[in-house]
>>> print(open('final_36.cif').read())   # mmCIF, C-alpha atoms
data_work
#
loop_
_atom_site.group_PDB
_atom_site.id
_atom_site.type_symbol
_atom_site.label_atom_id
_atom_site.label_comp_id
_atom_site.auth_asym_id
_atom_site.auth_seq_id
_atom_site.Cartn_x
_atom_site.Cartn_y
_atom_site.Cartn_z
ATOM 1 C CA MET A 1 49.920 51.515 -41.569
ATOM 2 C CA TRP A 2 46.582 50.230 -40.218
ATOM 3 C CA ILE A 3 44.021 52.991 -40.628
ATOM 4 C CA ILE A 4 41.123 52.761 -38.160
ATOM 5 C CA LYS A 5 37.910 54.614 -38.972
ATOM 6 C CA LYS A 6 35.819 56.047 -36.136
ATOM 7 C CA GLU A 7 32.685 54.067 -37.141
ATOM 8 C CA GLU A 8 34.550 50.798 -36.785
ATOM 9 C CA ILE A 9 35.476 51.459 -33.159
ATOM 10 C CA LYS A 10 31.778 51.750 -32.249
ATOM 11 C CA MET A 11 30.950 48.352 -33.798
ATOM 12 C CA GLY A 12 32.319 45.870 -31.283
ATOM 13 C CA ARG A 13 35.825 44.637 -31.896
ATOM 14 C CA THR A 14 38.299 46.270 -34.174
ATOM 15 C CA ALA A 15 39.333 44.129 -37.098
ATOM 16 C CA LEU A 16 41.596 45.015 -39.953
ATOM 17 C CA ILE A 17 42.189 43.426 -43.343
ATOM 18 C CA LYS A 18 45.101 44.328 -45.578
ATOM 19 C CA LEU A 19 45.661 43.131 -49.150
ATOM 20 C CA ARG A 20 49.183 42.638 -50.463
ATOM 21 C CA PRO A 21 50.124 43.789 -53.085
ATOM 22 C CA ARG A 22 47.727 46.730 -53.198
ATOM 23 C CA ARG A 23 47.382 46.714 -56.987
ATOM 24 C CA TYR A 24 46.770 43.412 -58.714
ATOM 25 C CA LYS A 25 45.501 42.090 -62.010
ATOM 26 C CA LYS A 26 42.691 39.626 -62.588
ATOM 27 C CA GLY A 27 43.831 36.118 -61.669
ATOM 28 C CA ASP A 28 46.729 37.272 -59.504
ATOM 29 C CA LEU A 29 47.424 35.750 -56.116
ATOM 30 C CA VAL A 30 46.734 38.273 -53.371
ATOM 31 C CA ARG A 31 47.899 37.836 -49.787
ATOM 32 C CA VAL A 32 45.222 38.655 -47.216
ATOM 33 C CA ASP A 33 46.526 39.748 -43.801
ATOM 34 C CA SER A 34 43.926 40.018 -41.052
ATOM 35 C CA VAL A 35 44.104 41.113 -37.431
ATOM 36 C CA ILE A 36 41.375 41.282 -34.787
ATOM 37 C CA MET A 37 41.688 42.836 -31.353
ATOM 38 C CA HIS A 38 40.832 40.048 -28.922
ATOM 39 C CA PRO A 39 42.324 39.123 -25.492
ATOM 40 C CA MET A 40 42.322 35.312 -26.253
ATOM 41 C CA HIS A 41 42.127 34.214 -22.581
ATOM 42 C CA THR A 42 43.231 30.590 -22.297
ATOM 43 C CA GLY A 43 41.432 29.900 -19.018
ATOM 44 C CA LEU A 44 44.732 28.979 -17.332
ATOM 45 C CA VAL A 45 45.995 32.388 -16.216
ATOM 46 C CA LYS A 46 45.215 33.832 -12.761
ATOM 47 C CA ASP A 47 44.235 37.443 -12.300
ATOM 48 C CA LYS A 48 47.032 39.035 -10.269
ATOM 49 C CA LYS A 49 44.683 41.326 -8.286
ATOM 50 C CA THR A 50 41.858 38.940 -7.326
ATOM 51 C CA GLY A 51 43.717 35.615 -7.525
ATOM 52 C CA LYS A 52 40.869 34.067 -9.520
ATOM 53 C CA ILE A 53 41.342 32.265 -12.816
ATOM 54 C CA ILE A 54 40.313 34.386 -15.810
ATOM 55 C CA PRO A 55 37.681 32.310 -17.673
ATOM 56 C CA ALA A 56 38.494 31.085 -21.168
ATOM 57 C CA HIS A 57 37.496 33.572 -23.843
ATOM 58 C CA TYR A 58 38.963 32.981 -27.270
ATOM 59 C CA ILE A 59 38.124 32.945 -30.962
ATOM 60 C CA ASN A 60 37.389 29.407 -32.101
ATOM 61 C CA LYS A 61 36.253 29.850 -35.704
ATOM 62 C CA VAL A 62 37.193 32.141 -38.568
ATOM 63 C CA GLU A 63 35.357 31.978 -41.895
ATOM 64 C CA VAL A 64 36.353 33.682 -45.127
ATOM 65 C CA TYR A 65 33.760 34.319 -47.834
ATOM 66 C CA TYR A 66 34.680 35.518 -51.320
ATOM 67 C CA GLY A 67 31.607 36.576 -53.268
ATOM 68 C CA GLY A 68 29.281 34.658 -50.924
ATOM 69 C CA GLU A 69 31.279 31.431 -51.247
ATOM 70 C CA LEU A 70 33.133 29.892 -48.299
ATOM 71 C CA VAL A 71 36.784 29.963 -49.343
ATOM 72 C CA THR A 72 38.727 29.240 -46.154
ATOM 73 C CA SER A 73 37.756 28.238 -42.653
ATOM 74 C CA ILE A 74 40.128 28.230 -39.697
ATOM 75 C CA ASP A 75 39.538 26.287 -36.462
ATOM 76 C CA VAL A 76 41.366 28.120 -33.703
ATOM 77 C CA ASN A 77 42.404 27.054 -30.211
ATOM 78 C CA ALA A 78 43.284 29.211 -27.209
ATOM 79 C CA SER A 79 47.010 28.775 -27.858
ATOM 80 C CA VAL A 80 46.945 31.375 -30.634
ATOM 81 C CA SER A 81 48.417 34.710 -29.465
ATOM 82 C CA ALA A 82 46.308 37.640 -28.274
ATOM 83 C CA ASN A 83 45.099 39.905 -31.083
ATOM 84 C CA PRO A 84 45.255 36.979 -33.532
ATOM 85 C CA PHE A 85 46.846 37.502 -36.907
ATOM 86 C CA PHE A 86 45.969 35.245 -39.846
ATOM 87 C CA SER A 87 47.439 35.434 -43.303
ATOM 88 C CA PHE A 88 46.542 33.417 -46.420
ATOM 89 C CA TYR A 89 46.314 33.771 -50.187
ATOM 90 C CA ILE A 90 43.293 34.413 -52.416
ATOM 91 C CA LYS A 91 43.100 34.091 -56.191
ATOM 92 C CA ALA A 92 41.569 37.423 -57.297
ATOM 93 C CA ASP A 93 39.699 36.197 -60.364
ATOM 94 C CA LYS A 94 36.466 38.171 -59.897
ATOM 95 C CA LYS A 95 35.231 41.502 -58.629
ATOM 96 C CA ALA A 96 33.513 40.572 -55.374
ATOM 97 C CA PRO A 97 33.538 41.412 -51.663
ATOM 98 C CA LEU A 98 35.780 39.438 -49.320
ATOM 99 C CA LYS A 99 34.135 38.923 -45.945
ATOM 100 C CA ILE A 100 35.889 37.574 -42.852
ATOM 101 C CA VAL A 101 33.774 36.429 -39.896
ATOM 102 C CA TRP A 102 35.364 35.852 -36.481
ATOM 103 C CA LYS A 103 33.379 33.832 -33.897
ATOM 104 C CA ASP A 104 34.420 33.329 -30.275
ATOM 105 C CA ASN A 105 33.440 30.794 -27.609
ATOM 106 C CA LYS A 106 31.046 33.273 -25.948
ATOM 107 C CA GLY A 107 29.037 33.710 -29.153
ATOM 108 C CA GLU A 108 30.449 37.096 -30.081
ATOM 109 C CA VAL A 109 30.620 37.612 -33.868
ATOM 110 C CA THR A 110 32.696 40.235 -35.676
ATOM 111 C CA GLU A 111 32.467 40.811 -39.416
ATOM 112 C CA LYS A 112 34.605 42.829 -41.762
ATOM 113 C CA THR A 113 34.361 43.208 -45.513
ATOM 114 C CA VAL A 114 36.824 44.500 -48.097
ATOM 115 C CA LYS A 115 36.238 44.863 -51.818
ATOM 116 C CA ILE A 116 38.418 42.924 -54.220
ATOM 117 C CA LYS A 117 38.597 44.706 -57.549
ATOM 118 C CA PRO A 118 41.351 43.602 -59.913
ATOM 119 C CA HIS A 119 42.734 46.375 -62.103
ATOM 120 C CA MET B 1 37.816 -4.229 15.594
ATOM 121 C CA ASN B 2 36.013 -1.126 16.674
ATOM 122 C CA ARG B 3 38.930 1.073 15.901
ATOM 123 C CA ARG B 4 39.409 -0.616 12.549
ATOM 124 C CA ASN B 5 35.775 -0.056 11.615
ATOM 125 C CA PHE B 6 35.938 3.522 12.753
ATOM 126 C CA LEU B 7 38.999 4.152 10.616
ATOM 127 C CA LYS B 8 37.298 2.564 7.609
ATOM 128 C CA MET B 9 34.223 4.720 8.124
ATOM 129 C CA THR B 10 36.184 7.924 8.367
ATOM 130 C CA ALA B 11 38.234 6.961 5.321
ATOM 131 C CA VAL B 12 35.048 6.446 3.284
ATOM 132 C CA ALA B 13 33.500 9.656 4.603
ATOM 133 C CA GLY B 14 36.693 11.511 3.809
ATOM 134 C CA ALA B 15 36.658 10.162 0.287
ATOM 135 C CA VAL B 16 33.038 11.269 -0.170
ATOM 136 C CA VAL B 17 33.845 14.748 1.103
ATOM 137 C CA ALA B 18 36.854 14.918 -1.190
ATOM 138 C CA VAL B 19 34.860 13.761 -4.220
ATOM 139 C CA SER B 20 31.708 15.844 -3.780
ATOM 140 C CA PRO B 21 33.270 19.297 -4.325
ATOM 141 C CA ALA B 22 35.223 17.844 -7.223
ATOM 142 C CA VAL B 23 32.023 17.048 -9.153
ATOM 143 C CA PRO B 24 30.805 20.635 -9.725
ATOM 144 C CA LEU B 25 34.404 21.627 -10.408
ATOM 145 C CA GLY B 26 34.565 18.954 -13.082
ATOM 146 C CA LEU B 27 31.419 20.298 -14.730
ATOM 147 C CA GLU B 28 32.847 23.793 -14.731
ATOM 148 C CA ALA B 29 36.092 22.571 -16.207
ATOM 149 C CA LYS B 30 34.286 21.603 -19.408
ATOM 150 C CA ALA B 31 34.284 25.226 -20.517
ATOM 151 C CA GLN B 32 37.992 25.358 -19.783
ATOM 152 C CA PRO B 33 40.569 23.850 -22.142
ATOM 153 C CA LYS B 34 41.486 20.211 -21.546
ATOM 154 C CA LYS B 35 45.017 18.977 -21.034
ATOM 155 C CA ARG B 36 45.959 16.475 -23.731
ATOM 156 C CA SER B 37 49.086 14.638 -24.732
ATOM 157 C CA PHE B 38 50.615 15.218 -28.158
ATOM 158 C CA GLU B 39 49.789 11.666 -29.282
ATOM 159 C CA GLU B 40 46.109 12.100 -28.368
ATOM 160 C CA ALA B 41 45.826 15.396 -30.206
ATOM 161 C CA LEU B 42 47.651 14.014 -33.259
ATOM 162 C CA LYS B 43 45.357 10.977 -33.358
ATOM 163 C CA GLU B 44 42.295 13.222 -33.408
ATOM 164 C CA ILE B 45 43.607 15.133 -36.421
ATOM 165 C CA THR B 46 45.050 12.310 -38.501
ATOM 166 C CA LYS B 47 42.508 9.667 -37.375
ATOM 167 C CA GLY B 48 45.206 7.134 -36.581
ATOM 168 C CA LYS B 49 47.317 7.680 -39.698
ATOM 169 C CA LYS B 50 51.001 8.419 -39.242
ATOM 170 C CA PRO B 51 52.237 11.651 -40.860
ATOM 171 C CA VAL B 52 55.398 11.320 -42.948
ATOM 172 C CA GLU B 53 58.132 13.891 -42.511
ATOM 173 C CA SER B 54 58.647 15.625 -45.867
ATOM 174 C CA GLN B 55 60.706 18.359 -47.468
ATOM 175 C CA LYS B 56 57.565 19.564 -49.231
ATOM 176 C CA VAL B 57 56.287 21.244 -46.072
ATOM 177 C CA LYS B 58 58.184 24.424 -45.334
ATOM 178 C CA LEU B 59 57.787 25.599 -41.738
ATOM 179 C CA ILE B 60 59.337 28.930 -40.897
ATOM 180 C CA ALA B 61 59.582 29.763 -37.179
ATOM 181 C CA PRO B 62 62.334 31.450 -35.154
ATOM 182 C CA SER B 63 64.875 29.052 -33.592
ATOM 183 C CA ILE B 64 65.028 31.282 -30.494
ATOM 184 C CA ALA B 65 61.887 33.123 -29.387
ATOM 185 C CA GLU B 66 62.425 35.673 -26.647
ATOM 186 C CA ASN B 67 58.746 35.974 -25.834
ATOM 187 C CA GLY B 68 56.696 32.783 -25.884
ATOM 188 C CA ALA B 69 53.443 34.767 -26.052
ATOM 189 C CA VAL B 70 54.032 35.797 -29.658
ATOM 190 C CA VAL B 71 55.863 33.343 -31.915
ATOM 191 C CA PRO B 72 55.346 33.969 -35.644
ATOM 192 C CA VAL B 73 54.810 30.768 -37.636
ATOM 193 C CA LYS B 74 54.651 30.512 -41.416
ATOM 194 C CA VAL B 75 53.738 27.353 -43.328
ATOM 195 C CA GLU B 76 54.075 26.770 -47.047
ATOM 196 C CA VAL B 77 53.408 23.492 -48.863
ATOM 197 C CA VAL B 78 55.175 22.823 -52.153
ATOM 198 C CA GLU B 79 52.182 21.143 -53.782
ATOM 199 C CA PRO B 80 49.451 22.403 -56.117
ATOM 200 C CA ILE B 81 46.553 23.872 -54.112
ATOM 201 C CA GLU B 82 44.157 21.229 -55.478
ATOM 202 C CA ASN B 83 46.127 18.560 -53.590
ATOM 203 C CA VAL B 84 46.146 20.259 -50.192
ATOM 204 C CA LYS B 85 42.995 20.030 -48.101
ATOM 205 C CA ALA B 86 44.122 21.451 -44.788
ATOM 206 C CA ILE B 87 47.091 22.651 -42.758
ATOM 207 C CA HIS B 88 47.318 21.934 -39.027
ATOM 208 C CA ILE B 89 49.723 23.618 -36.612
ATOM 209 C CA MET B 90 50.690 21.890 -33.364
ATOM 210 C CA ALA B 91 53.089 22.517 -30.467
ATOM 211 C CA ASP B 92 53.911 19.323 -28.597
ATOM 212 C CA LYS B 93 54.426 20.480 -24.980
ATOM 213 C CA ASN B 94 51.620 23.036 -24.764
ATOM 214 C CA PHE B 95 48.655 22.469 -22.435
ATOM 215 C CA ASP B 96 46.623 21.493 -25.504
ATOM 216 C CA PRO B 97 49.057 20.728 -28.360
ATOM 217 C CA TRP B 98 46.520 21.473 -31.117
ATOM 218 C CA THR B 99 46.824 25.140 -32.081
ATOM 219 C CA CYS B 100 44.883 25.693 -35.284
ATOM 220 C CA SER B 101 43.606 24.019 -38.446
ATOM 221 C CA VAL B 102 43.117 25.781 -41.767
ATOM 222 C CA HIS B 103 40.781 24.270 -44.349
ATOM 223 C CA LEU B 104 41.726 25.418 -47.833
ATOM 224 C CA THR B 105 39.899 25.380 -51.177
ATOM 225 C CA PRO B 106 41.259 25.787 -54.773
ATOM 226 C CA GLN B 107 40.170 29.457 -54.631
ATOM 227 C CA ASN B 108 43.111 30.108 -52.286
ATOM 228 C CA GLY B 109 45.548 29.647 -55.168
ATOM 229 C CA LYS B 110 48.494 28.749 -52.932
ATOM 230 C CA PRO B 111 48.830 26.492 -49.871
ATOM 231 C CA TYR B 112 50.155 29.126 -47.489
ATOM 232 C CA PHE B 113 49.223 30.102 -43.944
ATOM 233 C CA SER B 114 50.783 32.348 -41.361
ATOM 234 C CA THR B 115 49.814 33.177 -37.781
ATOM 235 C CA ARG B 116 51.241 33.937 -34.341
ATOM 236 C CA ILE B 117 51.095 31.310 -31.598
ATOM 237 C CA ARG B 118 51.833 30.966 -27.876
ATOM 238 C CA LEU B 119 54.443 28.528 -26.548
ATOM 239 C CA ALA B 120 54.637 27.631 -22.852
ATOM 240 C CA LYS B 121 58.276 26.505 -22.940
ATOM 241 C CA THR B 122 60.974 25.221 -25.295
ATOM 242 C CA MET B 123 59.399 22.660 -27.613
ATOM 243 C CA ASN B 124 58.882 21.429 -31.175
ATOM 244 C CA VAL B 125 56.402 23.124 -33.491
ATOM 245 C CA TYR B 126 54.754 20.852 -36.070
ATOM 246 C CA ALA B 127 53.092 21.744 -39.352
ATOM 247 C CA ILE B 128 50.954 18.923 -40.719
ATOM 248 C CA ALA B 129 49.483 19.144 -44.218
ATOM 249 C CA GLU B 130 46.466 17.023 -45.106
ATOM 250 C CA LEU B 131 46.562 15.941 -48.771
ATOM 251 C CA LYS B 132 43.659 15.128 -51.078
ATOM 252 C CA ASP B 133 44.401 11.389 -51.077
ATOM 253 C CA GLY B 134 44.020 11.297 -47.283
ATOM 254 C CA SER B 135 47.706 11.079 -46.415
ATOM 255 C CA PHE B 136 49.557 13.477 -44.104
ATOM 256 C CA ILE B 137 52.957 15.070 -44.526
ATOM 257 C CA MET B 138 54.637 17.141 -41.855
ATOM 258 C CA ALA B 139 57.599 19.267 -40.848
ATOM 259 C CA LYS B 140 58.860 20.056 -37.378
ATOM 260 C CA LYS B 141 61.058 22.730 -35.938
ATOM 261 C CA PRO B 142 62.463 23.107 -32.420
ATOM 262 C CA VAL B 143 61.857 26.562 -30.924
ATOM 263 C CA LYS B 144 63.764 27.743 -27.858
ATOM 264 C CA VAL B 145 61.622 29.914 -25.591
ATOM 265 C CA THR B 146 63.160 32.297 -23.052
ATOM 266 C CA ILE B 147 59.905 33.485 -21.383
ATOM 267 C CA GLY B 148 56.863 31.197 -21.518
ATOM 268 C CA GLY B 149 53.625 32.537 -22.918
ATOM 269 C CA CYS B 150 50.774 30.410 -21.588
ATOM 270 C CA GLY B 151 50.872 31.655 -17.984
#
>>> encode(input="final_36.cif", output="structure tokens")
Amino acid sequence: MWIIKKEEIKMGRTALIKLRPRRYKKGDLVRVDSVIMHPMHTGLVKDKKTGKIIPAHYINKVEVYYGGELVTSIDVNASVSANPFFSFYIKADKKAPLKIVWKDNKGEVTEKTVKIKPH
Amino acid sequence: MNRRNFLKMTAVAGAVVAVSPAVPLGLEAKAQPKKRSFEEALKEITKGKKPVESQKVKLIAPSIAENGAVVPVKVEVVEPIENVKAIHIMADKNFDPWTCSVHLTPQNGKPYFSTRIRLAKTMNVYAIAELKDGSFIMAKKPVKVTIGGCG
């Protein structure tokens, strides 16, 4: 169901955004499902081979922009599962890009944009 | 007397030796997550206010989770979106009980949030909704975990 393009694999982490339902009218509520590939190390787990603790590496901030405007922001802790999945609603009342920005505690930033165009 | 002094000296020296390696470790630990109690974490979110348990918050989570590493959690608040400022998800016996906070705006259209969280053992999951007037309403659900997920 998730289609990954080759160009996206080159650009850092893979992130996917899915809109449900696929066809919607102006003013409809659209569910946005997002997934990013990230290990989400809590900093508590030991590496089985070396016996050392794997340092904490997790996403701590997710920002959602709809037409340049900050719509939703999510503060995340390490206790969210690996490959974090976030789902929320958006009111599709204009034709504008929806951008999701994932930031992790090591300063890595991943961006992904989808177009919202009500039929 | 001599022996007593000697014992005191060695005790002090021992304490110094024990403390000195702990200092750099403590500095390093800042990058690592801190262990907190549920009350502490709740206080930081609600700023001392007590959340009221309410039917308006609908928390959907499995009652038995086989794998604690992936527990799907869904929160819906039966309130107009203008009234809901944020949704917080907490798990009371995790290393750090605070899991995530979602800040919503009227553009969202519906106070809904869904994610997947990790649970270390069997515990209660809390969904706390922050309303516009500054009050907090919450729902809790016990989740039984067969295999823990936090390592």
>>> residues_around(input="final_36.cif", residues="range 66-70 of chain B", least_positions_apart="5", cutoff="10 Å", atoms="only C-alpha atoms", output="list of chain:residue names")
A:Ser79, A:Val80, A:Ser81, A:Ala82, A:Asn83, A:Pro84, B:Thr115, B:Arg116, B:Ile117, B:Arg118, B:Leu119, B:Ala120, B:Lys121, B:Thr122, B:Val143, B:Lys144, B:Val145, B:Thr146, B:Ile147, B:Gly148, B:Gly149, B:Cys150, B:Gly151
>>> atom_distance(input="final_36.cif", atom1="CA of Pro39 in chain A", atom2="CA of Val64 in chain A")
21.2 Å
>>> resolve_selection(input="final_36.cif", expression="the PyMOL selection byres ((chain A) within 6 of (chain B))", output="ChimeraX atom specification")
/A:43,45,56,71-77,79-81,85-91
>>> write_last_selection(input="final_36.cif", atoms="C-alpha atoms", output="short mmCIF file (atom, residue, chain, number, x, y, z; two decimals), in the frame of the given file")
data_model
loop_
_atom_site.label_atom_id
_atom_site.label_comp_id
_atom_site.auth_asym_id
_atom_site.auth_seq_id
_atom_site.Cartn_x
_atom_site.Cartn_y
_atom_site.Cartn_z
CA GLY A 43 41.43 29.90 -19.02
CA VAL A 45 46.00 32.39 -16.22
CA ALA A 56 38.49 31.08 -21.17
CA VAL A 71 36.78 29.96 -49.34
CA THR A 72 38.73 29.24 -46.15
CA SER A 73 37.76 28.24 -42.65
CA ILE A 74 40.13 28.23 -39.70
CA ASP A 75 39.54 26.29 -36.46
CA VAL A 76 41.37 28.12 -33.70
CA ASN A 77 42.40 27.05 -30.21
CA SER A 79 47.01 28.78 -27.86
CA VAL A 80 46.94 31.38 -30.63
CA SER A 81 48.42 34.71 -29.46
CA PHE A 85 46.85 37.50 -36.91
CA PHE A 86 45.97 35.24 -39.85
CA SER A 87 47.44 35.43 -43.30
CA PHE A 88 46.54 33.42 -46.42
CA TYR A 89 46.31 33.77 -50.19
CA ILE A 90 43.29 34.41 -52.42
CA LYS A 91 43.10 34.09 -56.19
#
>>> residues_around(input="final_36.cif", residues="range 102-109 of chain A", least_positions_apart="2", cutoff="8 Å", atoms="all atoms listed in the file", output="MDAnalysis selection string")
chainID A and resid 57:63 100 111
>>> write_last_selection(input="final_36.cif", atoms="C-alpha atoms", output="CSV table (one decimal), in the frame of the given file")
chain,number,residue,atom,x,y,z
A,57,HIS,CA,37.5,33.6,-23.8
A,58,TYR,CA,39.0,33.0,-27.3
A,59,ILE,CA,38.1,32.9,-31.0
A,60,ASN,CA,37.4,29.4,-32.1
A,61,LYS,CA,36.3,29.8,-35.7
A,62,VAL,CA,37.2,32.1,-38.6
A,63,GLU,CA,35.4,32.0,-41.9
A,100,ILE,CA,35.9,37.6,-42.9
A,111,GLU,CA,32.5,40.8,-39.4
>>> closest_residue(input="final_36.cif", among="A:Arg23, A:Lys48, A:Lys18, A:His41", to="Val114 in chain A", atoms="all atoms listed in the file")
A:Lys18
>>> atom_distance(input="final_36.cif", atom1="CA of Gly134 in chain B", atom2="CA of Glu82 in chain B")
12.9 Å
>>> axis_aligned_box(input="final_36.cif", around="range 97-102 of chain A", padding_each_side="8 Å", output="AutoDock Vina command-line options")
--center_x 34.7 --center_y 38.6 --center_z -44.1 --size_x 18.4 --size_y 21.6 --size_z 31.2
>>> atom_distance(input="final_36.cif", atom1="CA of Gly48 in chain B", atom2="CA of Arg36 in chain B")
15.9 Å
